[in-house]
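Content type compact mmCIF, C-alpha atoms, from the file start_34.txt:
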```txt
# COMPACT_ATOMS: atom_id res chain seq x y z
CA MET I 115 -18.77 -13.00 -11.43
CA SER I 116 -20.42 -11.17 -14.35
CA ILE I 117 -21.06 -7.47 -14.75
CA ASP I 118 -24.70 -6.96 -15.73
CA SER I 119 -26.23 -4.28 -17.94
CA LEU I 120 -26.72 -1.72 -15.13
CA PRO I 121 -23.91 0.62 -16.32
CA GLU I 122 -25.45 0.95 -19.81
CA GLN I 123 -28.89 1.53 -18.30
CA LEU I 124 -27.52 4.28 -16.07
CA LEU I 125 -25.85 6.09 -18.97
CA ASP I 126 -29.07 5.90 -20.97
CA CYS I 127 -31.19 7.17 -18.05
CA ALA I 128 -28.73 10.00 -17.38
CA LYS I 129 -28.89 11.13 -21.01
CA ARG I 130 -32.71 11.01 -21.08
CA SER I 131 -32.79 12.99 -17.81
CA GLY I 132 -30.83 15.88 -19.34
CA ALA I 133 -27.27 15.13 -18.22
CA GLU I 134 -24.64 16.34 -20.67
CA CYS I 135 -22.30 13.45 -19.83
CA ALA I 136 -21.94 10.67 -17.31
CA GLU I 137 -19.60 7.99 -16.00
CA VAL I 138 -20.29 4.68 -14.24
CA PHE I 139 -17.71 2.95 -12.04
CA GLN I 140 -18.69 -0.53 -10.90
CA SER I 141 -16.84 -2.83 -8.51
CA GLN I 142 -17.64 -6.41 -7.45
CA SER I 143 -15.61 -8.44 -4.98
CA LEU I 144 -15.65 -11.97 -3.60
CA SER I 145 -13.47 -12.78 -0.60
CA ARG I 146 -12.99 -16.07 1.27
CA PRO I 147 -10.83 -15.39 4.35
CA VAL I 148 -9.87 -17.94 6.99
CA PHE I 149 -8.79 -16.91 10.49
CA PHE I 150 -6.68 -18.59 13.16
CA GLU I 151 -6.64 -17.53 16.81
CA ALA I 152 -4.66 -18.90 19.78
CA ASN I 153 -2.90 -21.39 17.46
CA ARG I 154 -6.13 -22.89 16.11
CA LEU I 155 -8.48 -22.39 13.18
CA LYS I 156 -11.24 -20.08 14.34
CA GLN I 157 -13.54 -19.35 11.41
CA LEU I 158 -14.10 -19.46 7.67
CA GLU I 159 -15.93 -16.67 5.88
CA SER I 160 -17.23 -15.81 2.46
CA THR I 161 -18.14 -12.21 1.69
CA GLN I 162 -19.43 -10.71 -1.53
CA ALA I 163 -19.99 -7.04 -2.31
CA GLU I 164 -21.12 -5.01 -5.29
CA GLY I 165 -21.11 -1.23 -5.60
CA THR I 166 -21.89 1.23 -8.37
CA ALA I 167 -20.90 4.90 -8.54
CA LEU I 168 -22.63 7.23 -11.02
CA ARG I 169 -21.02 10.58 -11.78
CA LEU I 170 -22.81 12.98 -14.10
CA TRP I 171 -22.90 16.63 -15.13
CA LYS I 172 -26.14 18.52 -15.64
CA ASP I 173 -26.04 22.22 -16.51
CA GLY I 174 -22.29 21.87 -15.99
CA ARG I 175 -22.75 20.89 -12.35
CA PRO I 176 -21.28 17.57 -11.13
CA GLY I 177 -23.25 15.06 -9.10
CA LEU I 178 -22.12 11.75 -7.59
CA ALA I 179 -24.43 9.03 -6.27
CA VAL I 180 -23.54 5.53 -5.01
CA ALA I 181 -25.54 2.34 -4.63
CA TYR I 182 -24.60 -1.05 -3.17
CA GLY I 183 -26.23 -4.16 -4.57
CA ALA I 184 -29.29 -3.97 -6.80
CA VAL I 185 -30.62 -0.51 -7.63
CA GLU I 186 -33.28 0.99 -9.86
CA PRO I 187 -31.36 2.99 -12.51
CA GLN I 188 -33.66 6.02 -12.64
CA ALA I 189 -33.61 6.37 -8.84
CA LEU I 190 -29.81 6.55 -8.81
CA VAL I 191 -29.80 9.07 -11.67
CA ASP I 192 -32.34 11.25 -9.85
CA ARG I 193 -30.15 11.23 -6.73
CA ALA I 194 -27.06 12.24 -8.71
CA ILE I 195 -28.95 15.07 -10.43
CA ALA I 196 -30.31 16.32 -7.10
CA ILE I 197 -26.79 16.43 -5.68
CA SER I 198 -25.47 18.19 -8.78
CA GLN I 199 -27.81 21.14 -8.16
CA LEU I 200 -25.94 21.82 -4.90
CA ASN I 201 -22.56 22.13 -6.64
CA ASP I 202 -20.93 24.86 -8.67
CA PRO I 203 -20.39 24.34 -12.39
CA GLU I 204 -17.03 22.88 -13.36
CA GLU I 205 -15.23 21.77 -16.49
CA VAL I 206 -15.90 18.17 -17.40
CA GLU I 207 -12.87 15.86 -17.30
CA LEU I 208 -13.69 12.45 -18.75
CA ALA I 209 -11.47 9.95 -20.57
CA SER I 210 -11.99 9.66 -24.31
CA GLU I 211 -13.41 6.69 -26.23
CA SER I 212 -11.55 3.42 -25.74
CA HIS I 213 -12.43 -0.26 -25.89
CA LEU I 214 -9.14 -1.82 -24.82
CA SER I 215 -9.38 -5.41 -23.58
CA TYR I 216 -7.44 -6.22 -20.42
CA PRO I 217 -6.73 -9.83 -19.40
CA ASP I 218 -7.78 -11.08 -15.97
CA VAL I 219 -4.86 -11.59 -13.59
CA GLY I 220 -4.21 -13.98 -10.71
CA GLN I 221 -5.49 -17.44 -9.91
CA SER I 222 -7.94 -18.49 -7.24
CA VAL I 223 -7.01 -21.12 -4.64
CA PRO I 224 -9.40 -23.31 -2.62
CA ILE I 225 -10.17 -22.65 1.04
CA GLU I 226 -8.45 -25.93 1.92
CA GLN I 227 -5.19 -24.47 0.63
CA LEU I 228 -5.60 -21.34 2.76
CA VAL I 229 -6.17 -23.49 5.85
CA GLU I 230 -3.12 -25.60 5.02
CA TRP I 231 -0.94 -22.50 4.70
CA GLY I 232 -2.18 -21.21 8.06
CA ASN I 233 -1.50 -24.49 9.86
CA LEU I 234 1.95 -24.76 8.28
CA ALA I 235 3.00 -21.25 9.29
CA ILE I 236 1.86 -21.72 12.90
CA ALA I 237 3.56 -25.14 13.11
CA GLN I 238 6.86 -23.60 12.00
CA ILE I 239 6.71 -21.12 14.89
CA ARG I 240 5.53 -23.50 17.61
CA ASP I 241 8.13 -26.12 16.76
CA ARG I 242 10.73 -23.64 18.03
CA TYR I 243 8.64 -21.64 20.51
CA PRO I 244 5.84 -23.85 21.89
CA ASP I 245 4.75 -21.27 24.48
CA VAL I 246 3.81 -18.50 22.05
CA LEU I 247 0.30 -17.65 20.84
CA CYS I 248 -0.21 -17.33 17.09
CA SER I 249 -2.97 -15.57 15.18
CA SER I 250 -3.21 -15.41 11.42
CA GLY I 251 -5.47 -14.68 8.48
CA TRP I 252 -5.37 -15.97 4.89
CA ASP I 253 -7.51 -14.71 2.06
CA CYS I 254 -8.23 -15.15 -1.63
CA GLU I 255 -10.03 -12.09 -3.04
CA ALA I 256 -11.29 -11.57 -6.57
CA GLU I 257 -12.27 -8.03 -7.56
CA THR I 258 -13.90 -7.11 -10.85
CA THR I 259 -13.78 -3.49 -12.00
CA ARG I 260 -15.65 -1.93 -14.90
CA LEU I 261 -15.65 1.70 -16.01
CA ILE I 262 -17.74 3.17 -18.83
CA ASN I 263 -18.67 6.73 -19.78
CA SER I 264 -20.73 8.68 -22.30
CA ASN I 265 -17.63 9.43 -24.40
CA GLY I 266 -17.48 5.77 -25.41
CA LEU I 267 -14.98 4.49 -22.86
CA ASP I 268 -15.53 0.89 -21.75
CA CYS I 269 -12.83 -1.03 -19.87
CA GLY I 270 -12.60 -3.60 -17.10
CA TYR I 271 -10.81 -6.64 -15.71
CA THR I 272 -10.77 -9.10 -12.80
CA ASP I 273 -7.91 -9.21 -10.31
CA THR I 274 -7.42 -12.18 -7.94
CA THR I 275 -5.03 -11.58 -5.05
CA LEU I 276 -3.79 -13.80 -2.22
CA SER I 277 -2.79 -12.41 1.17
CA GLY I 278 -1.61 -13.90 4.44
CA PHE I 279 -0.43 -12.53 7.77
CA LEU I 280 0.93 -14.11 10.93
CA GLU I 281 1.09 -12.49 14.37
CA VAL I 282 2.93 -13.97 17.35
CA GLU I 283 2.60 -13.01 21.02
CA TRP I 284 5.39 -14.04 23.39
CA ILE I 285 4.88 -13.37 27.10
CA ARG I 286 7.79 -13.82 29.50
CA GLY I 287 6.75 -12.66 32.96
CA ASP I 288 6.00 -8.94 32.60
CA ASP I 289 7.76 -8.76 29.24
CA PHE I 290 5.33 -8.76 26.30
CA LEU I 291 6.50 -9.15 22.70
CA ASN I 292 4.37 -8.93 19.56
CA VAL I 293 5.84 -9.75 16.14
CA SER I 294 3.93 -9.82 12.86
CA ASP I 295 4.63 -10.26 9.17
CA GLY I 296 2.78 -11.16 6.00
CA GLN I 297 2.64 -11.43 2.23
CA THR I 298 0.44 -10.26 -0.62
CA GLU I 299 1.02 -12.13 -3.88
CA ARG I 300 -0.67 -13.63 -6.90
CA ASN I 301 -1.09 -17.38 -7.44
CA HIS I 302 0.92 -18.60 -4.42
CA LEU I 303 1.89 -17.67 -0.85
CA ASP I 304 4.96 -18.88 1.07
CA PRO I 305 3.92 -19.51 4.70
CA ILE I 306 7.39 -20.87 5.58
CA ALA I 307 9.05 -17.62 4.46
CA ILE I 308 6.61 -15.61 6.63
CA ALA I 309 7.34 -17.85 9.61
CA GLN I 310 11.11 -17.61 9.08
CA GLN I 311 10.94 -13.82 9.18
CA ILE I 312 9.17 -13.99 12.54
CA LEU I 313 11.51 -16.67 13.91
CA GLN I 314 14.46 -14.42 13.13
CA ARG I 315 12.85 -11.56 15.10
CA LEU I 316 12.10 -13.85 18.05
CA GLU I 317 15.72 -14.96 18.08
CA TRP I 318 16.93 -11.34 18.08
CA ALA I 319 14.55 -10.54 20.96
CA LYS I 320 15.69 -13.25 23.38
CA GLU I 321 17.65 -10.67 25.38
CA ASN I 322 16.66 -7.11 26.26
CA THR I 323 19.26 -4.35 26.20
CA THR I 324 19.58 -0.58 26.56
CA PRO I 325 18.97 1.54 23.45
CA PRO I 326 21.59 3.73 21.80
CA THR I 327 21.09 7.47 22.28
CA GLY I 328 21.77 10.53 20.16
CA ARG I 329 22.18 10.64 16.40
CA VAL I 330 22.99 7.07 15.43
CA PRO I 331 22.49 5.09 12.20
CA ILE I 332 18.96 3.69 11.95
CA LEU I 333 18.40 0.54 9.91
CA PHE I 334 14.77 0.53 8.75
CA THR I 335 13.60 -2.96 7.79
CA SER I 336 11.55 -3.33 4.63
CA LYS I 337 8.30 -3.34 6.62
CA ALA I 338 9.22 -0.24 8.65
CA ILE I 339 10.69 2.00 5.95
CA ASP I 340 7.29 2.56 4.36
CA MET I 341 6.97 5.52 6.73
CA LEU I 342 9.63 7.31 4.66
CA TRP I 343 8.04 6.44 1.33
CA GLY I 344 4.63 7.62 2.55
CA THR I 345 6.02 11.15 2.87
CA VAL I 346 7.67 10.83 -0.56
CA GLN I 347 4.31 9.88 -2.10
CA ALA I 348 2.70 12.95 -0.55
CA ALA I 349 5.47 15.24 -1.82
CA LEU I 350 5.12 13.82 -5.37
CA ASN I 351 1.35 14.38 -5.45
CA GLY I 352 0.44 16.93 -8.12
CA LYS I 353 -2.48 18.18 -6.05
CA GLN I 354 -0.11 19.03 -3.19
CA VAL I 355 2.06 20.88 -5.71
CA ILE I 356 -0.87 23.01 -6.90
CA GLU I 357 -1.79 23.82 -3.29
CA GLY I 358 1.83 24.77 -2.52
CA ALA I 359 2.08 22.16 0.22
CA SER I 360 4.84 20.05 -1.33
CA PRO I 361 8.40 21.15 -0.44
CA TRP I 362 9.41 19.86 -3.89
CA SER I 363 6.98 22.05 -5.88
CA ASP I 364 9.77 23.92 -7.69
CA ARG I 365 12.46 21.22 -7.56
CA ILE I 366 11.97 19.38 -10.88
CA GLY I 367 15.44 18.48 -12.17
CA SER I 368 17.05 18.98 -8.75
CA LEU I 369 18.43 16.52 -6.20
CA VAL I 370 15.81 15.99 -3.49
CA THR I 371 17.12 12.75 -1.95
CA SER I 372 20.28 10.71 -1.67
CA GLU I 373 21.64 9.53 -5.02
CA HIS I 374 21.06 5.97 -3.82
CA ILE I 375 17.31 6.42 -4.39
CA THR I 376 15.56 5.64 -7.67
CA LEU I 377 11.81 5.46 -7.33
CA SER I 378 9.36 4.44 -10.03
CA GLN I 379 5.85 3.25 -10.77
CA GLN I 380 5.62 -0.08 -12.60
CA PRO I 381 2.02 -0.89 -13.60
CA LYS I 382 2.69 -4.53 -14.56
CA ALA I 383 4.76 -5.54 -11.52
CA GLY I 384 3.65 -7.68 -8.60
CA PRO I 385 0.25 -8.25 -6.99
CA PHE I 386 -0.80 -4.60 -7.24
CA SER I 387 -0.53 -4.30 -11.03
CA CYS I 388 -3.19 -2.11 -12.60
CA PRO I 389 -3.92 -1.60 -16.33
CA PHE I 390 -5.92 1.65 -16.00
CA ASP I 391 -6.75 4.17 -13.32
CA ASP I 392 -10.22 4.99 -11.98
CA GLU I 393 -10.69 7.60 -14.73
CA GLY I 394 -10.01 5.06 -17.49
CA THR I 395 -6.55 6.35 -18.41
CA PRO I 396 -4.09 3.52 -19.20
CA THR I 397 -1.35 3.39 -16.58
CA ARG I 398 2.33 3.55 -17.59
CA ALA I 399 5.79 3.04 -16.19
CA ILE I 400 7.13 6.29 -14.74
CA THR I 401 10.38 7.14 -12.94
CA PHE I 402 9.63 9.89 -10.44
CA ILE I 403 13.06 10.09 -8.79
CA ASP I 404 16.17 9.03 -10.70
CA ARG I 405 19.28 8.64 -8.51
CA GLY I 406 18.01 11.36 -6.24
CA GLU I 407 16.86 13.74 -8.97
CA LEU I 408 13.16 14.70 -9.12
CA GLN I 409 11.70 13.93 -12.56
CA LEU I 410 7.91 14.24 -12.40
CA PHE I 411 4.81 14.57 -10.21
CA TYR I 412 1.84 12.19 -10.53
CA THR I 413 -1.55 13.56 -11.58
CA ASP I 414 -5.13 12.81 -12.51
CA LEU I 415 -6.99 14.47 -15.41
CA THR I 416 -7.88 17.65 -13.53
CA THR I 417 -4.55 18.09 -11.75
CA GLY I 418 -2.55 17.29 -14.88
CA LYS I 419 -4.40 19.97 -16.81
CA SER I 420 -3.74 22.54 -14.08
CA LEU I 421 -0.02 21.70 -14.01
CA GLY I 422 0.22 21.59 -17.79
CA SER I 423 1.76 18.11 -17.69
CA GLY I 424 -1.37 16.10 -18.53
CA THR I 425 -2.51 13.07 -16.56
CA THR I 426 0.02 10.41 -15.64
CA GLY I 427 -2.77 7.82 -15.27
CA ASN I 428 -2.92 8.19 -11.49
CA GLY I 429 -6.52 9.22 -10.86
CA PHE I 430 -7.87 6.92 -8.14
CA ARG I 431 -10.84 6.87 -5.79
CA SER I 432 -10.42 6.26 -2.09
CA GLY I 433 -13.91 4.76 -2.17
CA LEU I 434 -16.95 4.55 -4.43
CA GLY I 435 -18.32 7.75 -2.93
CA SER I 436 -15.18 9.74 -3.70
CA TYR I 437 -14.08 11.66 -6.77
CA PRO I 438 -10.84 10.57 -8.45
CA THR I 439 -7.76 12.24 -7.02
CA PRO I 440 -4.01 11.71 -7.60
CA GLY I 441 -2.75 8.48 -6.04
CA LEU I 442 0.11 6.01 -6.42
CA PHE I 443 -0.65 2.31 -6.73
CA ASN I 444 2.53 0.38 -7.49
CA LEU I 445 5.67 2.06 -6.19
CA LEU I 446 9.06 0.36 -6.58
CA ILE I 447 12.29 1.51 -4.95
CA GLU I 448 15.36 0.20 -6.74
CA PRO I 449 17.16 -2.12 -4.27
CA GLY I 450 20.82 -2.11 -3.29
CA LYS I 451 23.32 -4.96 -3.38
CA LYS I 452 23.91 -5.94 0.27
CA SER I 453 21.87 -8.42 2.29
CA LEU I 454 20.24 -7.47 5.56
CA ASP I 455 23.00 -9.31 7.44
CA GLU I 456 25.65 -7.32 5.56
CA LEU I 457 23.89 -4.05 6.39
CA ILE I 458 23.83 -5.02 10.06
CA ALA I 459 27.53 -5.94 9.97
CA SER I 460 28.38 -2.47 8.59
CA ILE I 461 27.00 -0.63 11.67
CA ASP I 462 29.21 -0.06 14.69
CA ASN I 463 26.55 1.41 16.97
CA GLY I 464 22.96 1.79 15.86
CA LEU I 465 19.36 0.63 15.92
CA ILE I 466 17.19 -1.66 13.81
CA LEU I 467 13.66 -0.25 13.54
CA ASP I 468 11.25 -3.06 12.63
CA GLN I 469 7.83 -2.07 14.01
CA MET I 470 6.67 1.30 15.32
CA LEU I 471 3.75 2.83 17.15
CA GLY I 472 2.32 6.07 15.85
CA GLY I 473 1.20 7.47 12.53
CA GLY I 474 3.25 8.46 9.53
CA ALA I 475 5.08 11.73 9.15
CA GLY I 476 2.76 13.22 6.52
CA ILE I 477 3.89 15.78 4.01
CA SER I 478 5.66 17.88 6.68
CA GLY I 479 8.15 15.06 7.16
CA GLU I 480 8.49 15.66 10.90
CA PHE I 481 7.92 12.61 13.09
CA SER I 482 8.45 11.14 16.53
CA VAL I 483 7.55 7.46 16.89
CA ASN I 484 7.72 4.90 19.66
CA VAL I 485 9.72 1.81 18.76
CA ASP I 486 7.35 -1.15 19.08
CA LEU I 487 9.99 -3.61 17.93
CA GLY I 488 13.63 -2.63 17.60
CA TYR I 489 17.08 -4.07 18.20
CA ARG I 490 20.42 -2.60 19.15
CA ILE I 491 23.50 -3.14 16.99
CA GLU I 492 27.00 -3.04 18.49
CA LYS I 493 30.10 -3.71 16.41
CA GLY I 494 28.09 -5.27 13.62
CA GLN I 495 26.13 -7.63 15.88
CA ILE I 496 22.57 -7.58 17.24
CA VAL I 497 22.87 -7.60 21.03
CA GLY I 498 19.19 -7.57 21.96
CA ARG I 499 15.79 -5.95 21.84
CA VAL I 500 15.30 -2.35 23.01
CA LYS I 501 12.26 -1.08 24.92
CA ASP I 502 10.98 2.39 25.91
CA THR I 503 12.69 3.90 22.89
CA MET I 504 11.76 6.70 20.49
CA VAL I 505 13.10 7.78 17.10
CA ALA I 506 12.52 11.34 15.89
CA GLY I 507 13.57 13.63 13.09
CA SER I 508 12.68 14.66 9.55
CA VAL I 509 11.91 12.27 6.70
CA TYR I 510 13.49 14.71 4.25
CA THR I 511 16.70 14.71 6.31
CA ALA I 512 16.68 10.92 6.39
CA LEU I 513 16.17 10.72 2.61
CA LYS I 514 19.17 12.95 1.98
CA ASN I 515 21.25 10.95 4.45
CA LEU I 516 20.30 7.50 3.21
CA VAL I 517 23.55 5.54 3.37
CA GLU I 518 22.63 2.29 1.66
CA LEU I 519 19.69 0.17 0.49
CA GLY I 520 19.58 -3.59 0.95
CA ASN I 521 18.75 -6.28 -1.59
CA ASP I 522 15.86 -7.74 0.45
CA ALA I 523 13.04 -5.94 -1.35
CA GLU I 524 9.49 -7.15 -0.70
CA TRP I 525 5.96 -5.85 -0.97
CA ASN I 526 4.85 -3.62 1.88
CA GLY I 527 1.31 -2.78 0.84
CA SER I 528 1.60 -1.53 -2.74
CA CYS I 529 5.19 -0.40 -2.18
CA HIS I 530 8.06 -2.72 -3.15
CA THR I 531 10.98 -1.73 -0.95
CA SER I 532 14.08 -3.09 0.73
CA SER I 533 15.63 -2.25 4.09
CA ALA I 534 17.90 0.80 4.32
CA ILE I 535 20.38 2.55 6.61
CA VAL I 536 19.74 6.26 7.21
CA GLU I 537 21.51 8.88 9.30
CA GLY I 538 20.44 12.22 10.75
CA LEU I 539 17.72 10.87 13.07
CA SER I 540 17.75 10.99 16.87
CA CYS I 541 17.25 8.02 19.17
CA THR I 542 16.24 8.42 22.80
CA GLY I 543 15.49 5.75 25.35
CA ARG I 544 15.34 4.71 28.97
CA ALA I 545 17.85 2.31 30.47
```
Can I see the file as structure tokens?
Amino acid sequence: MSIDSLPEQLLDCAKRSGAECAEVFQSQSLSRPVFFEANRLKQLESTQAEGTALRLWKDGRPGLAVAYGAVEPQALVDRAIAISQLNDPEEVELASESHLSYPDVGQSVPIEQLVEWGNLAIAQIRDRYPDVLCSSGWDCEAETTRLINSNGLDCGYTDTTLSGFLEVEWIRGDDFLNVSDGQTERNHLDPIAIAQQILQRLEWAKENTTPPTGRVPILFTSKAIDMLWGTVQAALNGKQVIEGASPWSDRIGSLVTSEHITLSQQPKAGPFSCPFDDEGTPTRAITFIDRGELQLFYTDLTTGKSLGSGTTGNGFRSGLGSYPTPGLFNLLIEPGKKSLDELIASIDNGLILDQMLGGGAGISGEFSVNVDLGYRIEKGQIVGRVKDTMVAGSVYTALKNLVELGNDAEWNGSCHTSSAIVEGLSCTGRA
């Protein structure tokens, strides 16, 4: 896919129309997903999208207009100027001149390979459990991003990412079980590893048992613990600090979590690597929490100026029609040394939380979630699946009472995290 001359035309039209400065953010994507349903290949798709966002300032007032597909440059500029007249004047925050060249990352794979991975994953499950129903999706997506502005900034690159998920439904009389797992990687996916994760859960769920009650150790698997890190990301957001919403606003240099936790952003790691943010600032490696001690908040240009820390290269858009705002893109939690089996063996009476129903805790940290998929541990052994169970408490309490992290780190969205044992949460359930 090639980026055409539309961005340059938009900057030129904006200048001729009286705008003091302007910025063009352009995104193109090509996706080729394949879907399986009820153990069989259902459909192949190919989707392509192109969007352009123009942000300009006229008379100091900002205006943002978005177009998808082909657009006449002057029409988009006129829309942005019309919108700017409805806004109050504000200080312009645009990245300075830069012409850094970023290499494309990731390799594309043919649709035939995606289909093969899907068939292989399903076959692995049905060889052991022929009565289950499997659904899955496999995708190869290439996204090209280009950002230019009137200060002379011009940067862009193409990112090709592979993703696959597998979902299994197991019905035994009136007992319904749903287990899912997946991967996001560059260059290659491992369908056997995805299937093995699910087979392990199916084995653990062969028997149902009563849940533990009261304050017991909770072992969050790597795909469930993201609920904790979601609250951490909110608390580290510089915008939340300015608004006084973060409980860590005045805690720089203080312990805010267990000393087992070291949390950093690594721009070059894994399938979510990113050379620059949506404001054109080069991203960089940053340690936000070092062995429990708060080091830094993440910011965009505007927030960094307000805090006096400058931008950390974390200005991102939630969509083309949104202004950049502080966001994390590649969060890594330093893993521990024990395997998942060793963590399980260390618990005398507790619960494995693997899948949950309900939203995240948010910045308040308070939560109460239904356990969609969980298992009881007694004397270091999994004795069965629990049903009609809830886990409640505070994320901040759990972070301070994190006992140990495992060595089984994997990507959960753009967060690379392992499983962990935490204390201080309450478990309730029905026999």
Just to confirm, what's the straight-line distance from CA of Glu186 in chain I to CA of Leu124 in chain I in Å (one decimal)?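 Separating CA of Glu186 in chain I from CA of Leu124 in chain I is a distance of 9.1 Å.
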So which residues touch range 344-351 of chain I within 9 Å, counting only C-alpha atoms, skipping near sequence neighbours fewer than 5 positions away, as a list in words?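 Once the adjacent positions are removed, what remains is Ile339, Ala359, Ser360, Pro361, Trp362, Ser363, Phe402, Leu408, Leu410, Phe411, Tyr412, Thr413, Pro440, Gly441, Leu442, Leu445, Gly474, Ala475, Gly476, Ile477, Ser478, Gly479, Val509 and Tyr510 of chain I.
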Would you output that residue set with C-alpha atoms, as an mmCIF file, keeping the file's coordinate frame?
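After the write, selection.cif holds the following:
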```cif
data_model
loop_
_atom_site.group_PDB
_atom_site.id
_atom_site.type_symbol
_atom_site.label_atom_id
_atom_site.label_comp_id
_atom_site.auth_asym_id
_atom_site.auth_seq_id
_atom_site.Cartn_x
_atom_site.Cartn_y
_atom_site.Cartn_z
ATOM 1 C CA ILE I 339 10.690 2.000 5.950
ATOM 2 C CA ALA I 359 2.080 22.160 0.220
ATOM 3 C CA SER I 360 4.840 20.050 -1.330
ATOM 4 C CA PRO I 361 8.400 21.150 -0.440
ATOM 5 C CA TRP I 362 9.410 19.860 -3.890
ATOM 6 C CA SER I 363 6.980 22.050 -5.880
ATOM 7 C CA PHE I 402 9.630 9.890 -10.440
ATOM 8 C CA LEU I 408 13.160 14.700 -9.120
ATOM 9 C CA LEU I 410 7.910 14.240 -12.400
ATOM 10 C CA PHE I 411 4.810 14.570 -10.210
ATOM 11 C CA TYR I 412 1.840 12.190 -10.530
ATOM 12 C CA THR I 413 -1.550 13.560 -11.580
ATOM 13 C CA PRO I 440 -4.010 11.710 -7.600
ATOM 14 C CA GLY I 441 -2.750 8.480 -6.040
ATOM 15 C CA LEU I 442 0.110 6.010 -6.420
ATOM 16 C CA LEU I 445 5.670 2.060 -6.190
ATOM 17 C CA GLY I 474 3.250 8.460 9.530
ATOM 18 C CA ALA I 475 5.080 11.730 9.150
ATOM 19 C CA GLY I 476 2.760 13.220 6.520
ATOM 20 C CA ILE I 477 3.890 15.780 4.010
ATOM 21 C CA SER I 478 5.660 17.880 6.680
ATOM 22 C CA GLY I 479 8.150 15.060 7.160
ATOM 23 C CA VAL I 509 11.910 12.270 6.700
ATOM 24 C CA TYR I 510 13.490 14.710 4.250
#
```
Counting only C-alpha atoms, what are the residues of range 216-307 of chain I within 10 Å of range 134-143 of chain I, and for each of them which pair of atoms is the nearest and at what distance in Å, to one decimal? Sort the table by chain and rising number, as CSV.
```
residue,atom,partner,partner_atom,distance
I:Glu255,CA,I:Ser143,CA,6.9
I:Ala256,CA,I:Ser143,CA,5.6
I:Glu257,CA,I:Ser143,CA,4.2
I:Thr258,CA,I:Gln142,CA,5.1
I:Thr259,CA,I:Ser141,CA,4.7
I:Arg260,CA,I:Gln140,CA,5.2
I:Leu261,CA,I:Phe139,CA,4.6
I:Ile262,CA,I:Val138,CA,5.5
I:Asn263,CA,I:Glu137,CA,4.1
I:Ser264,CA,I:Ala136,CA,5.5
I:Asn265,CA,I:Cys135,CA,7.7
I:Gly266,CA,I:Glu137,CA,9.9
I:Leu267,CA,I:Glu137,CA,9.0
I:Asp268,CA,I:Val138,CA,9.7
I:Gly270,CA,I:Gln140,CA,9.2
I:Thr272,CA,I:Gln142,CA,9.1
I:Asp273,CA,I:Ser143,CA,9.4
I:Thr274,CA,I:Ser143,CA,9.5
```
List as a list in words: which residues have an atom within 9 Å of (-26.6, 18.5, -9.2), counting all atoms listed in the file?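 In the file's frame, the residues around the point are Leu170, Trp171, Lys172, Asp173, Gly174, Arg175, Pro176, Gly177, Leu178, Arg193, Ala194, Ile195, Ala196, Ile197, Ser198, Gln199, Leu200, Asn201 and Asp202 of chain I.
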How many Å lie between CA of Ser160 in chain I and CA of Asp295 in chain I, rounded to one decimal?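 Spanning CA of Ser160 in chain I to CA of Asp295 in chain I is a straight-line distance of 23.5 Å.
Of the listed residues I:Asn521, I:Thr395, I:Ser528, I:Asn444, the one whose atoms come nearest to Thr335 in chain I is I:Asn521, with distances taken using all atoms listed in the file.
When all atoms listed in the file are used to compute distances to Cys529 in chain I, the closest of the residues I:Gly488, I:Gly406, I:Gly433, I:Pro385 turns out to be I:Pro385.
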Contact residues around Leu155 in chain I with only C-alpha atoms at 10 Å, ignoring same-chain residues under 4 positions, as a PyMOL selection string: chain I and resi 148-151+229+232-233+249-251
Of the candidates I:Val497, I:Arg431, I:Val485, I:Glu518, which shows the shortest atom-to-atom distance to Lys452 in chain I, using all atoms listed in the file?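 With all atoms listed in the file as the atom set, the closest residue is I:Glu518.
In this model, the gap between CA of Ile375 in chain I and CA of Pro331 in chain I comes to 17.4 Å.
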N, CA, C and O atoms are needed for range 347-351 of chain I; please write them out as a PDB file, keeping the file's coordinate frame.
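Contents of part26.pdb, freshly written:
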```pdb
ATOM      1  N   GLN I 347       5.514   9.916  -1.273  1.00  0.00           N
ATOM      2  CA  GLN I 347       4.310   9.880  -2.100  1.00  0.00           C
ATOM      3  C   GLN I 347       3.508  11.161  -1.968  1.00  0.00           C
ATOM      4  O   GLN I 347       2.972  11.677  -2.954  1.00  0.00           O
ATOM      5  N   ALA I 348       3.425  11.692  -0.748  1.00  0.00           N
ATOM      6  CA  ALA I 348       2.700  12.950  -0.550  1.00  0.00           C
ATOM      7  C   ALA I 348       3.390  14.100  -1.264  1.00  0.00           C
ATOM      8  O   ALA I 348       2.736  14.948  -1.883  1.00  0.00           O
ATOM      9  N   ALA I 349       4.718  14.149  -1.204  1.00  0.00           N
ATOM     10  CA  ALA I 349       5.470  15.240  -1.820  1.00  0.00           C
ATOM     11  C   ALA I 349       5.416  15.180  -3.347  1.00  0.00           C
ATOM     12  O   ALA I 349       5.573  16.211  -4.018  1.00  0.00           O
ATOM     13  N   LEU I 350       5.186  13.982  -3.915  1.00  0.00           N
ATOM     14  CA  LEU I 350       5.120  13.820  -5.370  1.00  0.00           C
ATOM     15  C   LEU I 350       3.715  14.030  -5.922  1.00  0.00           C
ATOM     16  O   LEU I 350       3.516  14.000  -7.139  1.00  0.00           O
ATOM     17  N   ASN I 351       2.740  14.246  -5.051  1.00  0.00           N
ATOM     18  CA  ASN I 351       1.350  14.380  -5.450  1.00  0.00           C
ATOM     19  C   ASN I 351       1.124  15.735  -6.137  1.00  0.00           C
ATOM     20  O   ASN I 351       1.355  16.789  -5.553  1.00  0.00           O
TER      21      ASN I 351
END
```
